[in-house]
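Visitor: Pasting model_38.cif below, which is mmCIF, C-alpha atoms.
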data_upload
#
loop_
_atom_site.label_atom_id
_atom_site.label_comp_id
_atom_site.auth_asym_id
_atom_site.auth_seq_id
_atom_site.Cartn_x
_atom_site.Cartn_y
_atom_site.Cartn_z
CA MET A 1 0.00 0.00 0.00
CA ILE A 2 2.78 2.39 0.95
CA SER A 3 4.69 1.57 -2.28
CA ARG A 4 1.55 2.34 -4.33
CA LEU A 5 1.14 5.71 -2.63
CA THR A 6 4.83 6.47 -3.25
CA THR A 7 4.48 5.52 -6.92
CA GLN A 8 1.37 7.68 -7.29
CA ARG A 9 3.11 10.63 -5.63
CA SER A 10 6.12 10.27 -7.94
CA GLU A 11 3.81 10.12 -10.96
CA ILE A 12 1.98 13.24 -9.77
CA THR A 13 5.33 14.98 -9.25
CA LEU A 14 6.49 14.00 -12.74
CA ASN A 15 3.22 15.18 -14.28
CA ALA A 16 3.45 18.47 -12.39
CA SER A 17 7.05 19.01 -13.52
CA SER A 18 6.17 18.16 -17.13
CA ILE A 19 3.23 20.58 -16.99
CA ALA A 20 5.50 23.27 -15.53
CA THR A 21 8.08 22.62 -18.26
CA GLY A 22 5.36 22.79 -20.90
CA ARG A 23 4.08 26.07 -19.45
CA THR A 24 7.62 27.47 -19.41
CA ARG A 25 8.10 26.57 -23.06
CA MET A 26 4.74 28.06 -23.95
CA SER A 27 5.61 31.27 -22.09
CA VAL A 28 8.89 31.51 -23.97
CA ILE A 29 7.08 31.02 -27.30
CA LYS A 30 4.45 33.60 -26.32
CA ASN A 31 7.17 36.09 -25.41
CA LEU A 32 8.84 35.51 -28.75
CA ILE A 33 5.57 36.01 -30.62
CA HIS A 34 4.15 38.91 -28.63
CA ARG A 35 7.41 40.75 -27.98
CA PRO A 36 9.31 41.09 -31.29
CA MET A 37 12.58 43.01 -31.16
CA ARG A 38 12.51 42.70 -27.36
CA LYS A 39 16.29 43.00 -27.18
CA LEU A 40 16.27 46.43 -28.82
CA ASP A 41 15.58 49.73 -27.12
CA THR A 42 13.50 51.04 -30.02
CA TRP A 43 12.31 49.93 -33.44
CA ARG A 44 14.66 52.50 -34.97
CA ASP A 45 17.55 50.27 -33.93
CA VAL A 46 16.49 47.85 -36.69
CA ILE A 47 17.61 50.43 -39.25
CA ARG A 48 20.57 51.67 -37.24
CA GLY A 49 21.74 48.13 -36.57
CA PHE A 50 21.35 46.93 -40.18
CA ASN A 51 24.83 46.31 -41.55
CA PRO A 52 26.28 44.89 -44.80
CA ALA A 53 26.75 41.45 -43.23
CA TRP A 54 23.06 40.81 -43.94
CA PHE A 55 23.90 40.51 -47.63
CA THR A 56 25.72 37.24 -46.86
CA ALA A 57 22.24 35.75 -46.32
CA SER A 58 21.37 36.71 -49.90
CA MET A 59 24.67 35.25 -51.11
CA GLY A 60 23.94 31.93 -49.42
CA THR A 61 20.34 31.78 -50.60
CA GLY A 62 21.35 32.57 -54.18
CA MET A 63 24.02 29.87 -54.04
CA VAL A 64 21.47 27.29 -52.86
CA SER A 65 19.20 28.23 -55.77
CA THR A 66 22.04 27.80 -58.27
CA LEU A 67 23.15 24.46 -56.84
CA LEU A 68 19.63 23.01 -56.86
CA TYR A 69 18.93 24.20 -60.40
CA GLY A 70 22.13 22.57 -61.64
CA PHE A 71 21.92 19.46 -59.44
CA PRO A 72 23.94 16.68 -61.12
CA TYR A 73 21.06 14.19 -60.96
CA GLU A 74 18.04 15.34 -62.92
CA TRP A 75 14.77 15.67 -61.01
CA SER A 76 12.26 18.11 -62.45
CA PRO A 77 10.73 19.28 -59.10
CA LEU A 78 14.18 20.58 -58.08
CA LYS A 79 14.04 23.09 -60.94
CA TYR A 80 10.84 24.61 -59.57
CA ILE A 81 12.18 24.60 -56.00
CA ALA A 82 15.30 26.38 -57.26
CA MET A 83 13.15 28.96 -59.05
CA GLY A 84 11.22 29.62 -55.85
CA ILE A 85 14.45 30.06 -53.87
CA ALA A 86 15.79 32.37 -56.60
CA LEU A 87 12.69 34.58 -56.24
CA LEU A 88 13.18 34.53 -52.46
CA ASN A 89 16.79 35.62 -52.97
CA LEU A 90 15.68 38.47 -55.25
CA LEU A 91 13.22 39.62 -52.60
CA MET A 92 15.86 39.38 -49.87
CA PHE A 93 18.37 41.37 -51.90
CA VAL A 94 15.88 44.14 -52.66
CA VAL A 95 14.74 44.36 -49.02
CA PHE A 96 18.33 44.38 -47.73
CA LEU A 97 19.32 47.04 -50.25
CA VAL A 98 16.38 49.26 -49.26
CA LEU A 99 17.17 48.88 -45.55
CA PHE A 100 20.86 49.59 -46.08
CA ILE A 101 20.21 52.69 -48.18
CA TRP A 102 17.64 53.80 -45.58
CA ARG A 103 20.29 53.46 -42.88
CA LEU A 104 22.86 55.42 -44.89
CA VAL A 105 20.39 58.22 -45.68
CA GLN A 106 19.02 58.48 -42.16
CA TYR A 107 22.26 58.24 -40.19
CA ARG A 108 24.74 59.46 -42.83
CA ASP A 109 27.49 57.21 -41.54
CA PHE A 110 28.83 55.60 -44.72
CA PHE A 111 32.18 57.32 -44.21
CA TYR A 112 32.40 55.88 -40.69
CA ILE A 113 31.43 52.43 -42.00
CA LEU A 114 34.31 52.58 -44.47
CA LEU A 115 36.72 53.38 -41.65
CA HIS A 116 35.41 50.71 -39.27
CA PRO A 117 37.72 47.64 -39.23
CA GLN A 118 34.85 45.17 -38.82
CA VAL A 119 31.74 46.70 -40.40
CA SER A 120 33.54 47.70 -43.60
CA MET A 121 34.63 44.16 -44.48
CA PRO A 122 31.15 42.81 -45.42
CA LEU A 123 30.66 45.66 -47.90
CA GLY A 124 32.08 43.20 -50.41
CA ALA A 125 29.03 41.01 -49.81
CA VAL A 126 26.80 43.58 -51.57
CA PRO A 127 28.18 43.04 -55.11
CA MET A 128 28.51 39.30 -54.46
CA ALA A 129 24.86 39.05 -53.47
CA PHE A 130 23.99 41.03 -56.60
CA THR A 131 26.01 38.54 -58.64
CA THR A 132 23.91 35.63 -57.38
CA VAL A 133 20.79 37.46 -58.58
CA ILE A 134 22.31 37.93 -62.05
CA THR A 135 23.55 34.36 -62.43
CA SER A 136 20.23 32.91 -61.26
CA MET A 137 18.38 35.06 -63.77
CA VAL A 138 20.62 34.02 -66.68
CA THR A 139 20.71 30.34 -65.73
CA ILE A 140 16.94 30.02 -65.28
CA LEU A 141 15.72 32.26 -68.11
CA ALA A 142 18.22 30.99 -70.71
CA SER A 143 16.16 27.85 -71.30
CA TYR A 144 13.03 29.96 -71.92
CA GLU A 145 14.72 32.09 -74.65
CA VAL A 146 13.56 35.42 -73.22
CA ALA A 147 14.51 38.05 -75.80
CA TRP A 148 15.40 40.87 -73.40
CA MET A 149 17.32 38.74 -70.91
CA PRO A 150 20.84 38.86 -72.51
CA THR A 151 20.81 42.66 -72.71
CA LEU A 152 19.51 43.07 -69.16
CA ALA A 153 22.07 40.57 -67.85
CA LEU A 154 24.90 42.45 -69.57
CA VAL A 155 23.78 45.81 -68.13
CA LEU A 156 23.42 44.42 -64.62
CA TRP A 157 26.78 42.69 -64.87
CA CYS A 158 28.48 45.95 -65.91
CA ILE A 159 26.92 47.71 -62.92
CA ASN A 160 28.03 44.86 -60.70
CA ILE A 161 31.67 44.97 -61.76
CA VAL A 162 31.80 48.70 -60.96
CA PHE A 163 30.85 47.98 -57.34
CA ALA A 164 33.10 44.90 -57.26
CA LEU A 165 36.06 47.01 -58.36
CA LEU A 166 35.23 49.74 -55.86
CA SER A 167 35.18 47.15 -53.09
CA CYS A 168 38.41 45.51 -54.25
CA LEU A 169 40.32 48.76 -54.76
CA ALA A 170 39.02 51.10 -52.06
CA ILE A 171 38.61 48.99 -48.92
CA PRO A 172 42.08 47.35 -49.01
CA PHE A 173 43.56 50.85 -49.31
CA LEU A 174 41.60 51.98 -46.24
CA ILE A 175 42.78 48.87 -44.40
CA THR A 176 46.40 49.83 -45.03
CA SER A 177 46.02 53.59 -44.58
CA HIS A 178 43.31 54.47 -42.05
CA GLN A 179 41.86 51.48 -40.19
CA LYS A 180 43.35 50.16 -36.97
CA HIS A 181 43.91 46.38 -36.95
CA ALA A 182 45.59 44.13 -34.40
CA PHE A 183 47.22 41.06 -35.92
CA GLU A 184 45.82 38.67 -33.31
CA ASN A 185 42.26 39.95 -33.95
CA VAL A 186 42.31 39.67 -37.74
CA ASN A 187 39.91 37.07 -39.11
CA ALA A 188 39.05 35.78 -42.57
CA THR A 189 36.51 38.54 -43.23
CA ILE A 190 39.48 40.55 -44.51
CA LEU A 191 39.00 38.56 -47.74
CA LEU A 192 35.44 39.78 -48.34
CA PRO A 193 36.34 43.09 -50.05
CA VAL A 194 38.54 41.42 -52.72
CA VAL A 195 36.49 38.31 -53.54
CA PRO A 196 33.75 40.19 -55.50
CA THR A 197 35.99 40.44 -58.56
CA VAL A 198 36.42 36.65 -58.61
CA VAL A 199 32.68 36.13 -58.26
CA ALA A 200 32.04 38.71 -61.00
CA SER A 201 34.42 36.85 -63.32
CA SER A 202 32.39 33.65 -63.05
CA ALA A 203 29.22 35.67 -63.66
CA GLY A 204 30.94 37.15 -66.72
CA ALA A 205 31.44 33.68 -68.17
CA ILE A 206 27.74 32.93 -67.62
CA VAL A 207 26.69 36.26 -69.19
CA ALA A 208 29.03 35.64 -72.14
CA SER A 209 27.31 32.30 -72.77
CA VAL A 210 24.15 34.11 -73.93
CA HIS A 211 26.07 36.53 -76.18
CA SER A 212 28.22 36.17 -79.27
CA GLY A 213 30.69 38.14 -81.38
CA THR A 214 32.66 41.07 -80.03
CA THR A 215 30.37 41.43 -77.00
CA ALA A 216 31.14 37.91 -75.81
CA VAL A 217 34.87 38.40 -76.48
CA ALA A 218 34.94 41.65 -74.46
CA VAL A 219 33.04 40.09 -71.56
CA VAL A 220 35.40 37.09 -71.45
CA LEU A 221 38.54 39.25 -71.58
CA ILE A 222 37.26 41.55 -68.81
CA SER A 223 36.36 38.48 -66.76
CA TYR A 224 39.88 37.11 -67.07
CA ALA A 225 41.24 40.45 -65.80
CA LEU A 226 38.81 40.43 -62.86
CA TRP A 227 39.76 36.82 -62.08
CA ALA A 228 43.49 37.59 -62.03
CA MET A 229 43.02 40.64 -59.81
CA GLY A 230 40.85 38.89 -57.24
CA VAL A 231 42.75 35.60 -57.11
CA GLY A 232 46.15 37.27 -56.76
CA ILE A 233 45.12 39.43 -53.79
CA SER A 234 43.10 36.59 -52.22
CA LEU A 235 46.09 34.25 -52.19
CA MET A 236 48.20 36.95 -50.51
CA LEU A 237 45.58 37.50 -47.81
CA ILE A 238 45.03 33.76 -47.28
CA THR A 239 48.78 33.40 -46.66
CA PHE A 240 48.60 36.29 -44.19
CA TYR A 241 45.63 34.63 -42.45
CA VAL A 242 47.42 31.27 -42.18
CA VAL A 243 50.33 33.00 -40.44
CA ARG A 244 47.85 34.59 -38.02
CA LEU A 245 46.38 31.15 -37.27
CA ILE A 246 49.81 29.67 -36.69
CA LEU A 247 50.86 32.41 -34.27
CA HIS A 248 47.57 33.10 -32.48
CA LYS A 249 45.60 29.87 -33.11
CA LEU A 250 41.92 29.55 -33.96
CA PRO A 251 39.48 32.47 -33.69
CA PRO A 252 37.11 32.64 -30.69
CA PRO A 253 33.80 30.73 -30.83
CA GLU A 254 31.90 33.88 -31.85
CA THR A 255 33.84 34.08 -35.13
CA ILE A 256 35.01 30.50 -35.66
CA ILE A 257 32.65 29.98 -38.63
CA SER A 258 34.70 32.60 -40.50
CA VAL A 259 37.38 29.96 -41.11
CA PHE A 260 35.20 28.79 -44.02
CA ILE A 261 35.56 32.14 -45.83
CA PRO A 262 38.92 31.36 -47.55
CA LEU A 263 37.21 28.39 -49.17
CA GLY A 264 35.12 30.93 -51.12
CA PRO A 265 37.85 32.51 -53.29
CA LEU A 266 39.48 29.11 -53.80
CA GLY A 267 36.32 27.32 -54.92
CA GLN A 268 35.03 30.29 -56.91
CA SER A 269 38.34 30.88 -58.71
CA SER A 270 38.48 27.20 -59.70
CA TYR A 271 34.89 27.36 -60.95
CA ALA A 272 35.41 30.67 -62.78
CA ILE A 273 38.59 29.67 -64.63
CA GLN A 274 36.91 26.51 -65.89
CA LEU A 275 33.84 28.42 -67.10
CA LEU A 276 36.03 31.04 -68.78
CA GLY A 277 37.98 28.29 -70.54
CA VAL A 278 34.76 26.87 -71.97
CA GLN A 279 33.67 30.30 -73.22
CA ALA A 280 37.17 31.06 -74.59
CA LEU A 281 37.01 27.91 -76.69
CA ARG A 282 33.66 29.08 -78.06
CA VAL A 283 34.31 32.77 -78.80
CA PHE A 284 38.03 33.23 -79.47
CA PRO A 285 38.47 31.35 -82.76
CA ASP A 286 36.14 33.89 -84.40
CA GLY A 287 36.65 36.88 -82.12
CA LEU A 288 40.48 36.81 -82.17
CA SER A 289 41.34 35.23 -85.50
CA GLN A 290 44.99 36.34 -85.25
CA MET A 291 45.41 33.97 -82.28
CA THR A 292 44.24 30.71 -83.76
CA TYR A 293 44.96 28.40 -80.84
CA LEU A 294 44.20 30.79 -77.96
CA GLY A 295 40.77 29.29 -77.27
CA GLU A 296 42.11 25.74 -77.07
CA VAL A 297 45.02 26.80 -74.86
CA LEU A 298 42.78 28.69 -72.44
CA HIS A 299 40.29 25.83 -72.34
CA SER A 300 43.01 23.33 -71.40
CA LEU A 301 44.60 25.80 -68.99
CA GLY A 302 41.22 26.44 -67.38
CA PHE A 303 40.74 22.77 -66.62
CA PHE A 304 44.30 22.33 -65.34
CA LEU A 305 44.29 25.42 -63.10
CA GLY A 306 40.77 24.62 -61.95
CA LEU A 307 41.86 21.17 -60.84
CA LEU A 308 44.91 22.52 -58.98
CA ILE A 309 42.96 25.21 -57.13
CA TRP A 310 40.18 22.70 -56.39
CA SER A 311 42.80 20.46 -54.74
CA LEU A 312 43.94 23.36 -52.56
CA ALA A 313 40.30 24.03 -51.68
CA ILE A 314 39.98 20.45 -50.41
CA TRP A 315 42.71 21.14 -47.86
CA TRP A 316 41.03 24.30 -46.66
CA PHE A 317 37.59 22.65 -46.57
CA THR A 318 38.95 19.89 -44.35
CA HIS A 319 40.80 22.35 -42.12
CA ALA A 320 37.68 24.48 -41.67
CA ILE A 321 35.57 21.46 -40.70
CA TYR A 322 38.18 20.34 -38.16
CA SER A 323 38.38 23.85 -36.71
CA VAL A 324 34.63 24.23 -36.21
CA LEU A 325 34.19 20.72 -34.78
CA TYR A 326 37.10 21.22 -32.39
CA THR A 327 35.70 24.55 -31.18
CA ARG A 328 32.23 23.06 -30.77
CA PHE A 329 33.71 20.17 -28.77
CA CYS A 330 35.36 22.69 -26.43
CA GLY A 331 32.18 24.71 -25.91
CA PRO A 332 29.08 26.25 -27.51
CA VAL A 333 29.26 28.26 -30.73
CA PRO A 334 26.82 31.21 -30.48
CA PHE A 335 24.63 31.95 -33.48
CA ASN A 336 25.20 35.14 -35.48
CA LEU A 337 25.19 36.29 -39.08
CA GLY A 338 28.67 34.79 -39.46
CA TRP A 339 27.01 31.37 -39.75
CA TRP A 340 26.15 32.26 -43.35
CA ALA A 341 29.85 31.68 -44.08
CA LEU A 342 28.97 27.99 -44.04
CA ILE A 343 26.82 28.28 -47.17
CA PHE A 344 28.35 30.38 -49.97
CA PRO A 345 32.02 29.32 -49.63
CA THR A 346 31.10 25.64 -49.46
CA GLY A 347 28.77 26.17 -52.43
CA THR A 348 31.66 27.49 -54.52
CA PHE A 349 33.54 24.26 -53.86
CA VAL A 350 30.49 22.31 -55.05
CA SER A 351 30.23 24.46 -58.20
CA SER A 352 33.89 23.76 -58.95
CA SER A 353 33.36 20.03 -58.42
CA GLY A 354 30.31 20.06 -60.68
CA GLU A 355 32.19 21.82 -63.46
CA LEU A 356 35.00 19.26 -63.18
CA TRP A 357 32.36 16.58 -63.66
CA ASP A 358 31.07 18.38 -66.77
CA LEU A 359 34.58 18.57 -68.23
CA THR A 360 35.83 15.10 -67.32
CA GLY A 361 32.69 12.99 -66.97
CA TYR A 362 34.16 11.30 -63.89
CA THR A 363 31.44 9.98 -61.59
CA PHE A 364 33.49 10.86 -58.51
CA PHE A 365 32.97 14.58 -59.03
CA ARG A 366 29.26 14.04 -59.68
CA ILE A 367 28.73 12.10 -56.45
CA LEU A 368 30.85 14.55 -54.45
CA ALA A 369 28.94 17.58 -55.74
CA SER A 370 25.57 15.91 -55.11
CA THR A 371 26.44 14.81 -51.58
CA ILE A 372 27.76 18.19 -50.44
CA THR A 373 24.80 19.94 -52.10
CA VAL A 374 22.40 17.99 -49.91
CA GLY A 375 24.42 18.96 -46.85
CA ILE A 376 24.42 22.62 -47.90
CA VAL A 377 20.64 22.64 -48.33
CA LEU A 378 20.19 21.19 -44.84
CA LEU A 379 22.62 23.74 -43.39
CA TRP A 380 20.80 26.51 -45.25
CA ILE A 381 17.51 25.51 -43.63
CA VAL A 382 19.13 25.52 -40.18
CA VAL A 383 20.84 28.88 -40.72
CA ILE A 384 17.84 30.65 -42.25
CA LEU A 385 15.59 29.45 -39.41
CA GLY A 386 18.16 30.65 -36.88
CA THR A 387 18.37 33.98 -38.68
CA ILE A 388 14.60 34.41 -38.55
CA ARG A 389 14.51 33.51 -34.86
CA TYR A 390 17.30 35.87 -33.74
CA ALA A 391 16.17 38.63 -36.07
CA TRP A 392 12.69 38.44 -34.52
CA THR A 393 14.13 38.97 -31.06
CA GLY A 394 16.34 41.81 -32.30
CA GLU A 395 19.58 40.02 -31.42
CA LEU A 396 20.92 40.42 -34.97
CA PHE A 397 20.06 44.12 -35.14
CA LYS A 398 22.05 45.37 -32.17
CA PRO A 399 23.66 48.61 -33.39
CA ILE A 400 27.42 48.88 -33.69
CA ASN A 401 28.81 52.31 -32.87
CA THR A 402 30.75 53.24 -35.99
CA ARG A 403 31.40 56.86 -35.06
CA HIS A 404 33.65 56.27 -32.05
CA LEU A 405 36.67 54.41 -33.35
CA GLU A 406 40.39 54.90 -33.49
CA VAL A 407 41.63 55.95 -36.92
CA HIS A 408 45.23 55.98 -38.10
CA THR A 409 46.04 59.67 -38.67
CA TYR A 410 49.03 61.94 -38.41
CA VAL A 411 49.01 64.70 -35.79
CA GLU A 412 49.91 68.14 -37.10
CA GLY A 413 53.48 69.00 -36.26
CA GLU A 414 54.74 65.46 -35.74
CA ASP A 415 57.60 64.09 -37.79
CA VAL A 416 56.30 62.29 -40.85
CA GLN A 417 58.36 59.16 -41.35
CA SER A 418 58.53 56.78 -44.23
CA PRO A 419 56.90 53.34 -43.82
CA GLU A 420 60.36 51.79 -43.46
CA GLN A 421 61.24 54.18 -40.64
CA ARG A 422 57.94 53.53 -38.85
CA VAL A 423 58.64 49.82 -38.86
#
Go ahead and render the structure in this file as C-alpha cells.

Guide:
Amino acid sequence: MISRLTTQRSEITLNASSIATGRTRMSVIKNLIHRPMRKLDTWRDVIRGFNPAWFTASMGTGMVSTLLYGFPYEWSPLKYIAMGIALLNLLMFVVFLVLFIWRLVQYRDFFYILLHPQVSMPLGAVPMAFTTVITSMVTILASYEVAWMPTLALVLWCINIVFALLSCLAIPFLITSHQKHAFENVNATILLPVVPTVVASSAGAIVASVHSGTTAVAVVLISYALWAMGVGISLMLITFYVVRLILHKLPPPETIISVFIPLGPLGQSSYAIQLLGVQALRVFPDGLSQMTYLGEVLHSLGFFLGLLIWSLAIWWFTHAIYSVLYTRFCGPVPFNLGWWALIFPTGTFVSSSGELWDLTGYTFFRILASTITVGIVLLWIVVILGTIRYAWTGELFKPINTRHLEVHTYVEGEDVQSPEQRV
C-alpha cells in the first residue's frame, strides 16, 4: 500500500514538472511572438543596426538556388524549387538594399562604415549578393529564350563589376592607410572586399554564354582580368591569415565559422577559370582570329588550373571542418550572421566540383557535388531558421557604434616618417 502511494506521488510529481516545463516553453514562445525586437531599445535600432553582413544571407540563398537548379542528378521538381528560392533571394536582396540605403540616408554614416575595421569588411558582400541574382536570372531564363534577358544581364553585370572594383580597390587601401587592426584579432573577413571580382568573373562567363561576337569576347577578356586581380590578392591574404592562425591559433567561438571564408575565393576561382575556358574555346576562334589556338590553350589551362585550385580548396575545406568541430567540442558556438559563411564558400567548392564533372565525366565529381549539395541545403535551412529567430528577437540588429573608433592619422606638427622608418 505504501509503495503504491509512493508511486502515485512520484507520478503526480512527474506530471506536475512536465506541466511546468510545458508552461515554461509556452511562455517563452508567447514572449517571442508577442514581444518582437525585445532586445532592442526602439524599433529605430532595426535600421541603425542593419549592416552589410546581412547581404551574406542573400549570397547563401542565391548559391542554394544555383546548386539546386544545376543538381547533377536530374529531377524536375528541383528546378521549380530552385526557381522559388531564386525569387526569395531576389526579394531578400531588394529588401536588404532598401534597408541599407535607408540606414545610410538616415544616419549618414557611410564614411564611418568605411573606416570601421569590422563593419567595412562585409561591404564586399553587396556586389557578391547582386552577382547571385544575375547568375540565377541568366541560368533560369536561358532555357526559356527570353529576348530581353541577354541585354539586361549584360547591363546588370556591368553595374556589378563597378561595385566589385570599388570594393576591391578602395577597402584594401583603407585597411592599409586608415583602419586600426591588431594582428591577433584579424579574421578571414578581410578577404570579403577582394572576392567580389572573382565572383564577377564567373558571372561574366555565364553572361558571355548568352552573347556572341565582339560582346562575348569583351566580356570574357574583362572576366579574365577580374579573375586575375581577385585571385592574386586573395592568395596573398590567405597566406597572411594562415600566419595569423599559426601564431595566435583559432578564432574565438563567436567568429570560428569565418574559417570557411577562404574556401570561397578558392572554390570560386576554380569554378570561374573553368567556365572562362569553356567560353574562350567558343568565342576566341572567331573573335580573335589572329590567335588561332588561344581558345584551345585557355580551355586546357582552365581545366588544369581549376583542378589545382580545387585540390587546394579540399585542404582548406577539411581544415575548416576540423576547426569548427574542435571549437564546438570545447564549448558552444553562439549563433550570429557569421554562420552564413557555411553556405556560400562551401557552395563554390560544389560548383567547382560540378564543373570538373562536366569537363571530365568522372562519376566521382558528380557524387561529391551531389552529396555536399544535400548537406548545404540542410545547413541553409538551419541557418535561415536561426536567422529568422534571432532577427525576430532583435539580437541580430544590435547597433554597432561606428562613429567612435580609433583611426590611423598623423598629428599636425609630428615628424612624418617613411613606412620603413615607422617599422

Visitor: With distances taken over all atoms listed in the file, which of A:Pro253, A:Pro193, A:Gly354, A:Gly386 is nearest to Cys168 in chain A?

Guide: A:Pro193

Visitor: How many Å separate CA of Arg38 in chain A from CA of Thr393 in chain A?

Guide: 5.5 Å

Visitor: Please expand the PyMOL selection byres ((chain A and resi 343) around 8) into the concrete residues it hits in this file, giving the result as JSON, numbers by chain.

Guide: {"A": [60, 63, 64, 340, 341, 342, 344, 345, 346, 347, 376, 379, 380]}

Visitor: Given the choices A:Ser351, A:Tyr326, A:Ala188, A:Phe364, which gets closest to Tyr69 in chain A if the distance is worked out from all atoms listed in the file?

Guide: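 Residue with the minimum atom-to-atom distance to Tyr69 in chain A: A:Ser351.
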
Visitor: Would you write out, as a list in words, every residue that the PyMOL selection byres ((chain A and resi 198) around 8) captures in this file?

Guide: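 Output from the PyMOL selection byres ((chain A and resi 198) around 8), applied to this file: Val194, Val195, Pro196, Thr197, Val199, Ala200, Ser201, Ser202, Leu226, Trp227, Ala228, Met229, Gly230, Val231, Pro265, Gln268, Ser269 and Ala272 of chain A.
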
Visitor: Which polymer residues have any atom within 10 Å of an atom of Lys79 in chain A, counting all atoms listed in the file, with same-chain residues fewer than 4 positions away left out, as a short mmCIF file (atom, residue, chain, number, x, y, z; two decimals) with C-alpha atoms, keeping the file's coordinate frame?

Guide:
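Wrote it out as selection.cif, contents follow:
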data_model
loop_
_atom_site.label_atom_id
_atom_site.label_comp_id
_atom_site.auth_asym_id
_atom_site.auth_seq_id
_atom_site.Cartn_x
_atom_site.Cartn_y
_atom_site.Cartn_z
CA SER A 65 19.20 28.23 -55.77
CA THR A 66 22.04 27.80 -58.27
CA LEU A 68 19.63 23.01 -56.86
CA TYR A 69 18.93 24.20 -60.40
CA GLY A 70 22.13 22.57 -61.64
CA PHE A 71 21.92 19.46 -59.44
CA GLU A 74 18.04 15.34 -62.92
CA TRP A 75 14.77 15.67 -61.01
CA MET A 83 13.15 28.96 -59.05
CA GLY A 84 11.22 29.62 -55.85
CA ILE A 85 14.45 30.06 -53.87
CA ILE A 140 16.94 30.02 -65.28
#

Visitor: Applied to the shown file, which residues does the PyMOL selection byres ((chain A and resi 207) around 12) return, written as JSON, numbers by chain?

Guide: {"A": [131, 134, 135, 136, 137, 138, 139, 141, 142, 149, 150, 151, 152, 153, 154, 155, 156, 157, 158, 200, 201, 202, 203, 204, 205, 206, 208, 209, 210, 211, 212, 215, 216, 217, 218, 219, 220, 222, 223, 275, 276, 279]}

Visitor: May I ask for the distance between CA of Leu235 in chain A and CA of Glu254 in chain A, given in Å to one decimal place?

Guide: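 Spanning CA of Leu235 in chain A to CA of Glu254 in chain A is a straight-line distance of 24.8 Å.
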
Visitor: Between CA of Arg48 in chain A and CA of Leu99 in chain A, what distance in Å does the model show, to one decimal?

Guide: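 Atom-to-atom, CA of Arg48 in chain A to CA of Leu99 in chain A, that is 9.4 Å.
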
Visitor: Which is closer to Pro251 in chain A than all the others in A:Ile175, A:Asn51, A:Asn187, A:Met121, using all atoms listed in the file?

Guide: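 Nearest candidate to Pro251 in chain A out of A:Ile175, A:Asn51, A:Asn187, A:Met121: A:Asn187.
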
Visitor: Just checking: using all atoms listed in the file, which residue out of A:Ser177, A:Thr327, A:Asp358, A:Pro399 ends up closest to Thr42 in chain A?

Guide: A:Pro399

Visitor: For Glu355 in chain A, which residue out of A:Ala147, A:Ala369, A:Val382, A:Ala53 is the nearest one, using all atoms listed in the file?

Guide: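 That would be A:Ala369, the residue with the smallest distance to Glu355 in chain A.
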
Visitor: Name all residues at most 9 Å from Ser120 in chain A (count only C-alpha atoms; drop same-chain ones fewer than 5 positions away) and give them as a PDB file with C-alpha atoms, in the coordinates of the input.

Guide:
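Below is the file out.pdb, written as the result:
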ATOM      1  CA  PRO A  52      26.280  44.890 -44.800  1.00  0.00           C
ATOM      2  CA  TYR A 112      32.400  55.880 -40.690  1.00  0.00           C
ATOM      3  CA  ILE A 113      31.430  52.430 -42.000  1.00  0.00           C
ATOM      4  CA  LEU A 114      34.310  52.580 -44.470  1.00  0.00           C
ATOM      5  CA  LEU A 115      36.720  53.380 -41.650  1.00  0.00           C
ATOM      6  CA  ILE A 171      38.610  48.990 -48.920  1.00  0.00           C
ATOM      7  CA  PRO A 193      36.340  43.090 -50.050  1.00  0.00           C
TER       8      PRO A 193
END

Visitor: From the list A:Ile384, A:Val126, A:Leu266, A:Val186, which residue is nearest Leu166 in chain A when using only C-alpha atoms?

Guide: A:Val126

Visitor: Which residues of range 343-368 of chain A come within 10 Å of range 285-308 of chain A, and what is each one's closest atom pair and distance in Å (one decimal), counting all atoms listed in the file, sorted by chain and residue number, as JSON lines?

Guide:
{"residue": "A:Ser352", "atom": "CA", "partner": "A:Gly306", "partner_atom": "CA", "distance": 7.6}
{"residue": "A:Ser353", "atom": "CA", "partner": "A:Leu307", "partner_atom": "CA", "distance": 8.9}
{"residue": "A:Glu355", "atom": "CA", "partner": "A:Gly306", "partner_atom": "CA", "distance": 9.2}
{"residue": "A:Leu356", "atom": "CA", "partner": "A:Leu307", "partner_atom": "CA", "distance": 7.5}
{"residue": "A:Leu359", "atom": "CA", "partner": "A:Phe303", "partner_atom": "CA", "distance": 7.6}
{"residue": "A:Thr360", "atom": "CA", "partner": "A:Phe303", "partner_atom": "CA", "distance": 9.1}
